[in-house]
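Trainee: Questions regarding the structure given below will be posed in turn.
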Amino acid sequence: MITIIEVRNLIKRFGHKQVLRKLNFSVQQGEFVALLGSNGAGKTTLLRTLSSLSKPNYGEIQIAGYYLPGQSAQVRKKLGVVSHLPLLYGDLNAEENLKFYGRLYGLSDFQNHIEEILQLVGLLKRKKDLVRTFSRGMQQRLAIGRAIIHDPEVLLLDEPHTGLDQDAANMLDTLLQEIASRGRTVVMTSHDFPRVANLATRFDVLYKGIIHSSKFAKDLPQHGLLAYYQSIVDEIDAGGENQDAA
Amino acid sequence: MQPKTSFFKAMFAVVWKDLIAELRGKELISAMLVFALLVIFIFNFALELDPKTRSALTAGILWVTIIFAGNLGLNRSMAVEKDRGCLDGLLLAPVDRTAIYFGKSIANWIFMLIVAMIVLPIYSILYNTNIISPALLLVILLGSEGYVAIGTLLASMAVQARTRDILLPILLFPVILPVLIAAVKASAGILSGFPFSDLQTWFNLLIVYDIIFTSVAFMVFDSVVEE
């Protein structure tokens with residue numbers, strides 16, 4: 001297995017507040033990792049740091065063989081990022097949004113590729129419609145299309161289900177499974193445990209800026225993901241720290 | 001497909017995106033234009049000047065109008081990126097981030113020039129004096145370039161703050177004072193019929209400030225947008 005993300009001793013502070021505290025994290029190529037944690041655990045900060053939007057204060061980050069922050073442009077080429085905001089322009093239609101991002105990523109002659117992406121995310125028939133007329137679920141699917149327009153090796157998703165209704169969330173899950181089945185590495189943050197339980201192949205618990213535990217889906221205890229997470233958090237709060245290796 | 005990102009390709013992509021979005025939404029230009037026209041009308045009715053005094057004040061009124069309307073445009077242009085998280089989308093592109101700055105700057109410059117091109121004939125009609133001349137257009141071209149060069153940079157900074165609407169003019173107006181003085185002096189000279197040689201100093205100053213502001217923005221934009 002090839003390690004595609006390697007993070008060592010990552011520290012990120014905002015003023016005096018240390019959000020990531022000597023965090024260590026690694027992901028193998030093709031894995032679908034769910035980062036579990038409550039609000040304020042540092043999930044978004046970790047993904048923003050991995051995606052080069054936020055500079056680390058200390059530590060080493062290597063993604064697809066390139067280091068951050070020194071080789072951020074090369075790293076960004078390898079990444080697709082989806083956040084709870086769609087990062088789309090409401091006054092452009094679906095096709096124009098993808099065209100714009102395609103150009104930013106240096107793609108050329110990519111009309112057919114755009115059609116393929118729109119087909120994949122189920123929006124081919126709405127390609128000429130302005131994004132501001134889309135529902136939240138459609139916008140989020142197009143956001144995934146935007147994130148994979150340049151065929152990235154790694155997909156980072158920050159709470160992608162936020163604000164979606166049940167049907168839209170199910171459609172998003174199907175799309176993510178389809179993307180993962182194509183061999184892409186996916187790292188997703190979530191606190192929606194029942195949903196990620198069916199998606200990810202590995203579950204890491206991020207609590208108070210440190211990854212405390214990592215379990216493969218097949219090794220999860222019978223009582224489920226929520227109980228596993230709760231047991232780790234209770235253990236930490238009680239003073240111990242579970243440091244299982246993945 | 002050839003995944004090779006070119007600086008100019010990314011820059012023109014940003015310009016294209018801003019122009020298309022504005023063509024559809026018409027948020028920026030309409031707000032700037034309405035504001036500019038209101039300022040001209042208010043000056044016209046509030047001052048009630050005789051023709052001689054009025055012609056002496058034309059350059060000042062014109063530039064105050066352009067600068068204030070431009071401030072609205074700069075604020076809105078970056079707010080649109082920030083509010084939907086699109087600034088992150090731009091910053092995630094594997095391209096020199098100054099390409100994004102130049103793209104936004106060029107689009108803002110085009111919007112300002114469009115507004116100025118509409119304001120000039122309206123001003124001429126309202127004040128019953130023809131102020132449109134190639135030399136004045138050149139001053140507007142140079143003055144607005146300096147303004148958007150530093151304005152786009154400061155707007156990218158201010159947009160991170162909750163008080164961005166107030167913060168931008170507070171940061172911007174003191175900095176653009178030299179450009180404003182040079183533009184007003186050059187415009188006043190042109191409208192008074194002075195020969196170009198008498199105004200060369202102001203043109204030189206405008207060009208120098210355009211170069212300085214653009215260079216400073218080129219050097220620091222990456223740090224300004226970084227978290």
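Every chain in the structure tokens takes a letter, A first, then B, and so on in the order presented; its residues are numbered from 1, and the ligands are numbered from 1 following the presented order.
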Which residues of region 100-211 of chain B come within 12 Å of region 88-91 of chain B, and what is each one's closest atom pair and distance in Å (one decimal), counting only C-alpha atoms, sorted by chain and residue number, as a Markdown table?
Mentor:
| residue | atom | partner | partner_atom | distance |
| --- | --- | --- | --- | --- |
| B:Ile100 | CA | B:Leu90 | CA | 7.1 |
| B:Tyr101 | CA | B:Leu90 | CA | 10.1 |
| B:Gly103 | CA | B:Leu90 | CA | 10.9 |
| B:Lys104 | CA | B:Leu90 | CA | 10.8 |
| B:Ser156 | CA | B:Leu91 | CA | 12.0 |
| B:Gln160 | CA | B:Asp88 | CA | 11.9 |
Trainee: Select from region 58-141 of chain A everything DSSP, run on the backbone, classes as helix (DSSP H, G or I), then give the selection as a PyMOL selection string.
Mentor: chain A and resi 72-78+94-104+111-120+124-126+131-133+136-141
Trainee: Find the spatial neighbours of Leu28 (chain B), counting only C-alpha atoms, within a cut-off of 9 Å - ignore same-chain residues fewer than 6 positions away - and output them as a PDB file with N, CA, C and O atoms, in the first residue's frame.
Mentor:
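Final output, selection_23.pdb:
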ATOM      1  N   GLU B  22     -21.640  39.208 -13.802  1.00  0.00           N
ATOM      2  CA  GLU B  22     -22.169  40.568 -13.728  1.00  0.00           C
ATOM      3  C   GLU B  22     -23.215  40.818 -14.809  1.00  0.00           C
ATOM      4  O   GLU B  22     -24.221  41.485 -14.579  1.00  0.00           O
ATOM      5  N   LEU B  72     -17.914  50.963  -3.604  1.00  0.00           N
ATOM      6  CA  LEU B  72     -19.054  50.023  -3.549  1.00  0.00           C
ATOM      7  C   LEU B  72     -18.747  48.766  -4.350  1.00  0.00           C
ATOM      8  O   LEU B  72     -18.998  47.644  -3.914  1.00  0.00           O
ATOM      9  N   GLY B  73     -18.218  48.981  -5.546  1.00  0.00           N
ATOM     10  CA  GLY B  73     -17.913  47.863  -6.448  1.00  0.00           C
ATOM     11  C   GLY B  73     -16.865  46.930  -5.875  1.00  0.00           C
ATOM     12  O   GLY B  73     -17.009  45.706  -5.915  1.00  0.00           O
ATOM     13  N   LEU B  74     -15.801  47.512  -5.302  1.00  0.00           N
ATOM     14  CA  LEU B  74     -14.713  46.689  -4.744  1.00  0.00           C
ATOM     15  C   LEU B  74     -15.227  45.823  -3.595  1.00  0.00           C
ATOM     16  O   LEU B  74     -14.912  44.639  -3.500  1.00  0.00           O
ATOM     17  N   ARG B  76     -18.292  44.819  -2.966  1.00  0.00           N
ATOM     18  CA  ARG B  76     -19.235  43.803  -3.430  1.00  0.00           C
ATOM     19  C   ARG B  76     -18.505  42.679  -4.169  1.00  0.00           C
ATOM     20  O   ARG B  76     -18.835  41.505  -4.014  1.00  0.00           O
ATOM     21  N   SER B  77     -17.510  43.074  -4.955  1.00  0.00           N
ATOM     22  CA  SER B  77     -16.802  42.089  -5.778  1.00  0.00           C
ATOM     23  C   SER B  77     -16.115  41.011  -4.927  1.00  0.00           C
ATOM     24  O   SER B  77     -16.119  39.836  -5.279  1.00  0.00           O
ATOM     25  N   PHE B 111     -15.357  47.297 -14.700  1.00  0.00           N
ATOM     26  CA  PHE B 111     -16.623  47.796 -14.141  1.00  0.00           C
ATOM     27  C   PHE B 111     -16.549  49.302 -13.853  1.00  0.00           C
ATOM     28  O   PHE B 111     -17.479  50.045 -14.126  1.00  0.00           O
TER      29      PHE B 111
END
Trainee: How close does chain B get to chain A? List, as a Markdown table, each residue of chain B within 10 Å, its nearest atom pair and the distance in Å to one decimal, counting only C-alpha atoms.
Mentor:
| residue | atom | partner | partner_atom | distance |
| --- | --- | --- | --- | --- |
| B:Met1 | CA | A:Ser108 | CA | 5.1 |
| B:Gln2 | CA | A:Leu107 | CA | 5.3 |
| B:Pro3 | CA | A:Leu107 | CA | 4.9 |
| B:Lys4 | CA | A:Gly106 | CA | 4.8 |
| B:Thr5 | CA | A:Gly106 | CA | 3.7 |
| B:Ser6 | CA | A:Gly106 | CA | 6.2 |
| B:Phe7 | CA | A:Leu104 | CA | 9.0 |
| B:Phe8 | CA | A:Leu104 | CA | 9.8 |
| B:Lys9 | CA | A:Arg103 | CA | 6.7 |
| B:Ala10 | CA | A:Leu104 | CA | 4.8 |
| B:Met11 | CA | A:Leu104 | CA | 8.2 |
| B:Phe12 | CA | A:Arg103 | CA | 9.0 |
| B:Ala13 | CA | A:Phe100 | CA | 6.1 |
| B:Val14 | CA | A:Phe100 | CA | 7.7 |
| B:Trp16 | CA | A:Phe100 | CA | 8.3 |
| B:Lys17 | CA | A:Phe100 | CA | 6.8 |
| B:Asp18 | CA | A:Asp91 | CA | 9.6 |
| B:Ile20 | CA | A:Leu92 | CA | 7.2 |
| B:Ala21 | CA | A:Asp91 | CA | 5.0 |
| B:Glu22 | CA | A:Asp91 | CA | 7.9 |
| B:Leu23 | CA | A:Asp91 | CA | 8.8 |
| B:Arg24 | CA | A:Asp91 | CA | 6.1 |
| B:Gly25 | CA | A:Asp91 | CA | 6.2 |
| B:Lys26 | CA | A:Asp91 | CA | 9.8 |
| B:Val80 | CA | A:Tyr89 | CA | 8.7 |
| B:Glu81 | CA | A:Tyr89 | CA | 8.5 |
| B:Lys82 | CA | A:Leu87 | CA | 9.3 |
| B:Asp83 | CA | A:Leu85 | CA | 9.2 |
| B:Arg84 | CA | A:Leu87 | CA | 5.9 |
| B:Gly85 | CA | A:Leu87 | CA | 5.1 |
| B:Cys86 | CA | A:Leu87 | CA | 4.3 |
| B:Leu87 | CA | A:Leu87 | CA | 7.8 |
| B:Asp88 | CA | A:Leu53 | CA | 7.2 |
| B:Gly89 | CA | A:Leu87 | CA | 5.6 |
| B:Leu90 | CA | A:Leu104 | CA | 7.9 |
| B:Leu91 | CA | A:Leu53 | CA | 7.1 |
| B:Leu92 | CA | A:Arg76 | CA | 6.1 |
| B:Ala93 | CA | A:Tyr105 | CA | 5.9 |
| B:Pro94 | CA | A:Ala73 | CA | 4.5 |
| B:Val95 | CA | A:Ala73 | CA | 6.3 |
| B:Asp96 | CA | A:Ala73 | CA | 7.6 |
| B:Arg97 | CA | A:Ala73 | CA | 9.4 |
| B:Ala99 | CA | A:Leu104 | CA | 9.7 |
| B:Ile100 | CA | A:Leu104 | CA | 9.3 |
| B:Val225 | CA | A:Leu53 | CA | 8.9 |
| B:Glu226 | CA | A:Ser54 | CA | 6.5 |
| B:Glu227 | CA | A:Ser54 | CA | 4.8 |
Trainee: Quick one: of B:Val184, B:Met78, B:Ile140, B:Leu126, who's nearest to Leu153 (chain B), counting only C-alpha atoms?
Mentor: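 Counting only C-alpha atoms, the residue closest to Leu153 (chain B) is B:Met78.
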Trainee: Going by DSSP on the backbone, which bits of region 17-225 of chain A are strand (DSSP E or B)? Write them as a PDB file with N, CA and C atoms, in the first residue's frame, please.
Mentor:
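Written output follows (out36.pdb):
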ATOM      1  N   LYS A  17      -5.101  29.985  20.992  1.00  0.00           N
ATOM      2  CA  LYS A  17      -5.823  28.709  21.033  1.00  0.00           C
ATOM      3  C   LYS A  17      -5.165  27.688  20.103  1.00  0.00           C
ATOM      4  N   GLN A  18      -4.752  26.586  20.677  1.00  0.00           N
ATOM      5  CA  GLN A  18      -4.133  25.522  19.876  1.00  0.00           C
ATOM      6  C   GLN A  18      -5.233  24.558  19.439  1.00  0.00           C
ATOM      7  N   VAL A  19      -5.523  24.553  18.154  1.00  0.00           N
ATOM      8  CA  VAL A  19      -6.638  23.736  17.644  1.00  0.00           C
ATOM      9  C   VAL A  19      -6.161  22.328  17.293  1.00  0.00           C
ATOM     10  N   LEU A  20      -5.004  22.219  16.657  1.00  0.00           N
ATOM     11  CA  LEU A  20      -4.420  20.899  16.386  1.00  0.00           C
ATOM     12  C   LEU A  20      -3.158  20.769  17.225  1.00  0.00           C
ATOM     13  N   ARG A  21      -3.088  19.678  17.991  1.00  0.00           N
ATOM     14  CA  ARG A  21      -2.018  19.553  18.975  1.00  0.00           C
ATOM     15  C   ARG A  21      -1.131  18.356  18.661  1.00  0.00           C
ATOM     16  N   LYS A  22      -0.069  18.605  17.918  1.00  0.00           N
ATOM     17  CA  LYS A  22       0.891  17.552  17.529  1.00  0.00           C
ATOM     18  C   LYS A  22       0.165  16.348  16.935  1.00  0.00           C
ATOM     19  N   LEU A  23      -0.660  16.643  15.958  1.00  0.00           N
ATOM     20  CA  LEU A  23      -1.516  15.606  15.368  1.00  0.00           C
ATOM     21  C   LEU A  23      -0.735  14.734  14.374  1.00  0.00           C
ATOM     22  N   ASN A  24      -0.930  13.444  14.469  1.00  0.00           N
ATOM     23  CA  ASN A  24      -0.346  12.505  13.507  1.00  0.00           C
ATOM     24  C   ASN A  24      -1.470  11.781  12.777  1.00  0.00           C
ATOM     25  N   PHE A  25      -1.270  11.611  11.461  1.00  0.00           N
ATOM     26  CA  PHE A  25      -2.372  11.074  10.657  1.00  0.00           C
ATOM     27  C   PHE A  25      -1.785  10.544   9.362  1.00  0.00           C
ATOM     28  N   SER A  26      -2.207   9.361   8.960  1.00  0.00           N
ATOM     29  CA  SER A  26      -1.748   8.895   7.643  1.00  0.00           C
ATOM     30  C   SER A  26      -2.874   8.137   6.941  1.00  0.00           C
ATOM     31  N   VAL A  27      -2.875   8.255   5.627  1.00  0.00           N
ATOM     32  CA  VAL A  27      -3.915   7.615   4.823  1.00  0.00           C
ATOM     33  C   VAL A  27      -3.250   6.876   3.667  1.00  0.00           C
ATOM     34  N   GLN A  28      -3.715   5.660   3.444  1.00  0.00           N
ATOM     35  CA  GLN A  28      -3.186   4.865   2.323  1.00  0.00           C
ATOM     36  C   GLN A  28      -4.013   5.143   1.073  1.00  0.00           C
ATOM     37  N   PHE A  32     -11.028   5.116   2.258  1.00  0.00           N
ATOM     38  CA  PHE A  32     -12.108   6.072   2.503  1.00  0.00           C
ATOM     39  C   PHE A  32     -12.144   6.273   4.011  1.00  0.00           C
ATOM     40  N   VAL A  33     -11.551   7.391   4.453  1.00  0.00           N
ATOM     41  CA  VAL A  33     -11.400   7.622   5.887  1.00  0.00           C
ATOM     42  C   VAL A  33     -12.438   8.626   6.373  1.00  0.00           C
ATOM     43  N   ALA A  34     -13.129   8.268   7.443  1.00  0.00           N
ATOM     44  CA  ALA A  34     -14.056   9.214   8.072  1.00  0.00           C
ATOM     45  C   ALA A  34     -13.409   9.751   9.339  1.00  0.00           C
ATOM     46  N   LEU A  35     -13.294  11.087   9.405  1.00  0.00           N
ATOM     47  CA  LEU A  35     -12.771  11.722  10.619  1.00  0.00           C
ATOM     48  C   LEU A  35     -13.960  12.089  11.487  1.00  0.00           C
ATOM     49  N   LEU A  36     -14.076  11.411  12.622  1.00  0.00           N
ATOM     50  CA  LEU A  36     -15.225  11.631  13.494  1.00  0.00           C
ATOM     51  C   LEU A  36     -14.853  12.581  14.617  1.00  0.00           C
ATOM     52  N   TYR A  58       3.386  24.315  12.882  1.00  0.00           N
ATOM     53  CA  TYR A  58       4.507  23.388  13.077  1.00  0.00           C
ATOM     54  C   TYR A  58       4.101  22.019  12.537  1.00  0.00           C
ATOM     55  N   GLY A  59       5.060  21.249  12.121  1.00  0.00           N
ATOM     56  CA  GLY A  59       4.766  19.878  11.699  1.00  0.00           C
ATOM     57  C   GLY A  59       5.043  19.661  10.220  1.00  0.00           C
ATOM     58  N   GLU A  60       4.919  18.408   9.846  1.00  0.00           N
ATOM     59  CA  GLU A  60       5.246  18.012   8.480  1.00  0.00           C
ATOM     60  C   GLU A  60       4.007  17.413   7.813  1.00  0.00           C
ATOM     61  N   ILE A  61       3.716  17.902   6.616  1.00  0.00           N
ATOM     62  CA  ILE A  61       2.586  17.347   5.864  1.00  0.00           C
ATOM     63  C   ILE A  61       3.081  16.949   4.489  1.00  0.00           C
ATOM     64  N   GLN A  62       2.810  15.715   4.125  1.00  0.00           N
ATOM     65  CA  GLN A  62       3.193  15.234   2.798  1.00  0.00           C
ATOM     66  C   GLN A  62       1.949  14.644   2.135  1.00  0.00           C
ATOM     67  N   ILE A  63       1.646  15.138   0.941  1.00  0.00           N
ATOM     68  CA  ILE A  63       0.483  14.614   0.210  1.00  0.00           C
ATOM     69  C   ILE A  63       0.911  14.243  -1.200  1.00  0.00           C
ATOM     70  N   TYR A  66       4.335  15.354  -2.181  1.00  0.00           N
ATOM     71  CA  TYR A  66       4.709  16.768  -2.099  1.00  0.00           C
ATOM     72  C   TYR A  66       4.485  17.283  -0.675  1.00  0.00           C
ATOM     73  N   TYR A  67       5.334  18.253  -0.298  1.00  0.00           N
ATOM     74  CA  TYR A  67       5.264  18.783   1.065  1.00  0.00           C
ATOM     75  C   TYR A  67       4.483  20.099   1.132  1.00  0.00           C
ATOM     76  N   LEU A  68       3.796  20.267   2.260  1.00  0.00           N
ATOM     77  CA  LEU A  68       3.118  21.539   2.543  1.00  0.00           C
ATOM     78  C   LEU A  68       3.873  22.245   3.662  1.00  0.00           C
ATOM     79  N   LEU A  79      -5.466  17.478  -5.216  1.00  0.00           N
ATOM     80  CA  LEU A  79      -6.596  17.488  -4.281  1.00  0.00           C
ATOM     81  C   LEU A  79      -7.892  17.971  -4.905  1.00  0.00           C
ATOM     82  N   GLY A  80      -8.986  17.381  -4.468  1.00  0.00           N
ATOM     83  CA  GLY A  80     -10.305  17.934  -4.723  1.00  0.00           C
ATOM     84  C   GLY A  80     -10.927  18.206  -3.357  1.00  0.00           C
ATOM     85  N   VAL A  81     -11.534  19.367  -3.187  1.00  0.00           N
ATOM     86  CA  VAL A  81     -12.051  19.735  -1.866  1.00  0.00           C
ATOM     87  C   VAL A  81     -13.532  20.088  -1.943  1.00  0.00           C
ATOM     88  N   VAL A  82     -14.298  19.500  -1.043  1.00  0.00           N
ATOM     89  CA  VAL A  82     -15.730  19.828  -0.941  1.00  0.00           C
ATOM     90  C   VAL A  82     -15.992  20.242   0.507  1.00  0.00           C
ATOM     91  N   ASN A  93     -24.227  29.104 -14.926  1.00  0.00           N
ATOM     92  CA  ASN A  93     -24.933  27.825 -14.949  1.00  0.00           C
ATOM     93  C   ASN A  93     -23.970  26.687 -14.580  1.00  0.00           C
ATOM     94  N   LEU A 130     -29.046  28.132 -14.194  1.00  0.00           N
ATOM     95  CA  LEU A 130     -28.211  28.869 -13.246  1.00  0.00           C
ATOM     96  C   LEU A 130     -28.159  28.120 -11.918  1.00  0.00           C
ATOM     97  N   VAL A 154      -6.821  12.687  -4.388  1.00  0.00           N
ATOM     98  CA  VAL A 154      -7.393  12.700  -3.040  1.00  0.00           C
ATOM     99  C   VAL A 154      -8.594  13.647  -3.005  1.00  0.00           C
ATOM    100  N   LEU A 155      -9.666  13.179  -2.384  1.00  0.00           N
ATOM    101  CA  LEU A 155     -10.853  14.016  -2.224  1.00  0.00           C
ATOM    102  C   LEU A 155     -11.034  14.301  -0.733  1.00  0.00           C
ATOM    103  N   LEU A 156     -11.048  15.595  -0.374  1.00  0.00           N
ATOM    104  CA  LEU A 156     -11.256  15.986   1.018  1.00  0.00           C
ATOM    105  C   LEU A 156     -12.664  16.559   1.148  1.00  0.00           C
ATOM    106  N   LEU A 157     -13.445  16.006   2.040  1.00  0.00           N
ATOM    107  CA  LEU A 157     -14.843  16.450   2.194  1.00  0.00           C
ATOM    108  C   LEU A 157     -15.095  16.904   3.620  1.00  0.00           C
ATOM    109  N   ASP A 158     -15.515  18.147   3.767  1.00  0.00           N
ATOM    110  CA  ASP A 158     -15.777  18.677   5.098  1.00  0.00           C
ATOM    111  C   ASP A 158     -17.287  18.761   5.322  1.00  0.00           C
ATOM    112  N   THR A 185      -8.756   8.276  -3.207  1.00  0.00           N
ATOM    113  CA  THR A 185      -8.669   8.313  -1.749  1.00  0.00           C
ATOM    114  C   THR A 185      -9.627   9.388  -1.251  1.00  0.00           C
ATOM    115  N   VAL A 186     -10.409   9.063  -0.248  1.00  0.00           N
ATOM    116  CA  VAL A 186     -11.376  10.031   0.273  1.00  0.00           C
ATOM    117  C   VAL A 186     -11.166  10.213   1.775  1.00  0.00           C
ATOM    118  N   VAL A 187     -11.095  11.469   2.195  1.00  0.00           N
ATOM    119  CA  VAL A 187     -11.077  11.779   3.632  1.00  0.00           C
ATOM    120  C   VAL A 187     -12.265  12.685   3.899  1.00  0.00           C
ATOM    121  N   MET A 188     -13.137  12.254   4.799  1.00  0.00           N
ATOM    122  CA  MET A 188     -14.367  13.000   5.036  1.00  0.00           C
ATOM    123  C   MET A 188     -14.564  13.252   6.526  1.00  0.00           C
ATOM    124  N   THR A 189     -14.891  14.491   6.876  1.00  0.00           N
ATOM    125  CA  THR A 189     -15.211  14.768   8.280  1.00  0.00           C
ATOM    126  C   THR A 189     -16.722  14.656   8.455  1.00  0.00           C
ATOM    127  N   SER A 190     -17.117  14.242   9.617  1.00  0.00           N
ATOM    128  CA  SER A 190     -18.556  14.132   9.858  1.00  0.00           C
ATOM    129  C   SER A 190     -18.849  13.951  11.336  1.00  0.00           C
ATOM    130  N   ARG A 202     -12.477   3.281   7.008  1.00  0.00           N
ATOM    131  CA  ARG A 202     -11.716   3.468   8.251  1.00  0.00           C
ATOM    132  C   ARG A 202     -12.283   4.653   9.022  1.00  0.00           C
ATOM    133  N   PHE A 203     -12.239   4.565  10.334  1.00  0.00           N
ATOM    134  CA  PHE A 203     -12.821   5.623  11.168  1.00  0.00           C
ATOM    135  C   PHE A 203     -11.768   6.118  12.156  1.00  0.00           C
ATOM    136  N   ASP A 204     -11.459   7.405  12.095  1.00  0.00           N
ATOM    137  CA  ASP A 204     -10.507   7.996  13.036  1.00  0.00           C
ATOM    138  C   ASP A 204     -11.246   8.959  13.944  1.00  0.00           C
ATOM    139  N   VAL A 205     -10.944   8.878  15.222  1.00  0.00           N
ATOM    140  CA  VAL A 205     -11.602   9.770  16.173  1.00  0.00           C
ATOM    141  C   VAL A 205     -10.685  10.961  16.445  1.00  0.00           C
ATOM    142  N   LEU A 206     -11.175  12.149  16.079  1.00  0.00           N
ATOM    143  CA  LEU A 206     -10.427  13.385  16.327  1.00  0.00           C
ATOM    144  C   LEU A 206     -11.108  14.091  17.498  1.00  0.00           C
ATOM    145  N   TYR A 207     -10.331  14.275  18.556  1.00  0.00           N
ATOM    146  CA  TYR A 207     -10.916  14.873  19.753  1.00  0.00           C
ATOM    147  C   TYR A 207      -9.900  15.826  20.363  1.00  0.00           C
ATOM    148  N   ILE A 210      -6.408  16.109  18.518  1.00  0.00           N
ATOM    149  CA  ILE A 210      -5.530  14.950  18.363  1.00  0.00           C
ATOM    150  C   ILE A 210      -6.346  13.777  17.831  1.00  0.00           C
ATOM    151  N   ILE A 211      -5.738  12.977  16.948  1.00  0.00           N
ATOM    152  CA  ILE A 211      -6.425  11.743  16.551  1.00  0.00           C
ATOM    153  C   ILE A 211      -6.080  10.673  17.589  1.00  0.00           C
ATOM    154  N   HIS A 212      -7.110  10.228  18.298  1.00  0.00           N
ATOM    155  CA  HIS A 212      -6.889   9.334  19.436  1.00  0.00           C
ATOM    156  C   HIS A 212      -7.026   7.868  19.071  1.00  0.00           C
ATOM    157  N   SER A 213      -7.780   7.598  18.022  1.00  0.00           N
ATOM    158  CA  SER A 213      -8.010   6.187  17.724  1.00  0.00           C
ATOM    159  C   SER A 213      -8.349   6.014  16.259  1.00  0.00           C
ATOM    160  N   SER A 214      -8.025   4.856  15.733  1.00  0.00           N
ATOM    161  CA  SER A 214      -8.288   4.576  14.326  1.00  0.00           C
ATOM    162  C   SER A 214      -8.726   3.125  14.196  1.00  0.00           C
ATOM    163  N   LYS A 215      -9.840   2.895  13.535  1.00  0.00           N
ATOM    164  CA  LYS A 215     -10.350   1.515  13.395  1.00  0.00           C
ATOM    165  C   LYS A 215     -10.835   1.288  11.967  1.00  0.00           C
ATOM    166  N   PHE A 216     -10.507   0.120  11.440  1.00  0.00           N
ATOM    167  CA  PHE A 216     -11.063  -0.244  10.143  1.00  0.00           C
ATOM    168  C   PHE A 216     -12.515  -0.679  10.335  1.00  0.00           C
TER     169      PHE A 216
END
Trainee: With a distance cut-off of 10 Å and only C-alpha atoms, select the neighbouring residues of region 210-219 of chain B, excluding the residue or stretch itself and same-chain residues fewer than 4 positions from it, and output the selection as a short mmCIF file (atom, residue, chain, number, x, y, z; two decimals) with N, CA and C atoms, in the first residue's frame.
Mentor:
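This went into around38.cif:
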data_model
loop_
_atom_site.label_atom_id
_atom_site.label_comp_id
_atom_site.auth_asym_id
_atom_site.auth_seq_id
_atom_site.Cartn_x
_atom_site.Cartn_y
_atom_site.Cartn_z
N ARG B 97 -1.27 32.54 -7.00
CA ARG B 97 -2.46 33.26 -6.52
C ARG B 97 -2.54 34.69 -7.03
N THR B 98 -1.43 35.23 -7.50
CA THR B 98 -1.49 36.59 -8.05
C THR B 98 -2.30 36.61 -9.35
N ALA B 99 -2.44 35.45 -10.01
CA ALA B 99 -3.28 35.38 -11.21
C ALA B 99 -4.73 35.70 -10.82
N TYR B 101 -5.58 37.56 -8.21
CA TYR B 101 -5.60 39.00 -7.90
C TYR B 101 -5.74 39.81 -9.20
N PHE B 102 -4.91 39.49 -10.19
CA PHE B 102 -4.97 40.27 -11.43
C PHE B 102 -6.31 40.08 -12.14
N SER B 105 -8.74 42.22 -10.30
CA SER B 105 -8.40 43.63 -10.55
C SER B 105 -8.88 44.09 -11.92
N LEU B 142 -5.88 55.86 -16.10
CA LEU B 142 -4.73 55.72 -15.20
C LEU B 142 -5.15 55.81 -13.73
N GLY B 143 -6.02 56.75 -13.43
CA GLY B 143 -6.46 56.94 -12.04
C GLY B 143 -7.21 55.74 -11.52
N SER B 144 -8.11 55.21 -12.34
CA SER B 144 -8.90 54.07 -11.87
C SER B 144 -8.04 52.81 -11.79
N GLU B 145 -6.99 52.73 -12.60
CA GLU B 145 -6.11 51.55 -12.51
C GLU B 145 -5.41 51.52 -11.16
N GLY B 146 -4.86 52.67 -10.76
CA GLY B 146 -4.20 52.76 -9.45
C GLY B 146 -5.18 52.45 -8.33
N TYR B 147 -6.40 52.94 -8.51
CA TYR B 147 -7.43 52.76 -7.48
C TYR B 147 -7.80 51.28 -7.32
N VAL B 148 -8.06 50.61 -8.44
CA VAL B 148 -8.46 49.19 -8.31
C VAL B 148 -7.26 48.30 -7.94
N ALA B 149 -6.05 48.72 -8.32
CA ALA B 149 -4.86 47.91 -8.00
C ALA B 149 -4.74 47.75 -6.49
N ILE B 150 -4.79 48.89 -5.78
CA ILE B 150 -4.65 48.80 -4.32
C ILE B 150 -6.00 48.45 -3.68
N GLY B 151 -7.09 48.87 -4.33
CA GLY B 151 -8.43 48.61 -3.79
C GLY B 151 -8.76 47.14 -3.76
N THR B 152 -8.39 46.41 -4.80
CA THR B 152 -8.67 44.97 -4.83
C THR B 152 -7.87 44.25 -3.74
N LEU B 153 -6.63 44.69 -3.54
CA LEU B 153 -5.81 44.08 -2.48
C LEU B 153 -6.43 44.34 -1.11
N LEU B 154 -6.79 45.60 -0.86
CA LEU B 154 -7.35 45.93 0.46
C LEU B 154 -8.74 45.31 0.65
N VAL B 175 -4.81 55.70 1.55
CA VAL B 175 -3.74 55.16 0.69
C VAL B 175 -3.83 55.73 -0.72
N ILE B 176 -5.06 55.93 -1.20
CA ILE B 176 -5.19 56.37 -2.60
C ILE B 176 -5.13 57.90 -2.75
N VAL B 179 -2.99 59.26 -5.61
CA VAL B 179 -3.61 59.01 -6.93
C VAL B 179 -4.76 59.99 -7.14
N ASN B 204 2.80 61.68 -14.83
CA ASN B 204 3.93 60.85 -14.36
C ASN B 204 3.63 60.26 -12.99
N LEU B 205 3.06 61.12 -12.13
CA LEU B 205 2.73 60.66 -10.78
C LEU B 205 1.71 59.53 -10.82
N LEU B 206 0.71 59.69 -11.69
CA LEU B 206 -0.30 58.63 -11.82
C LEU B 206 0.34 57.32 -12.27
N SER B 223 0.14 36.54 0.79
CA SER B 223 0.14 36.58 2.27
C SER B 223 -1.18 37.11 2.81
N VAL B 224 -1.78 38.05 2.08
CA VAL B 224 -3.03 38.65 2.55
C VAL B 224 -4.16 37.64 2.60
#
Trainee: Restricting the calculation to only C-alpha atoms: of B:Ala183, B:Ala79, B:Ala36, B:Thr201, which residue gets closest to Leu141 (chain B)?
Mentor: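 Between B:Ala183, B:Ala79, B:Ala36, B:Thr201, the residue approaching Leu141 (chain B) most closely is B:Ala183.
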Trainee: Let me make sure I understand: among A:Leu124, A:Ile149, A:Gly65, A:Glu31, which one has the smallest atom-to-atom distance to Glu6 (chain A) if we use only C-alpha atoms?
Mentor: A:Gly65
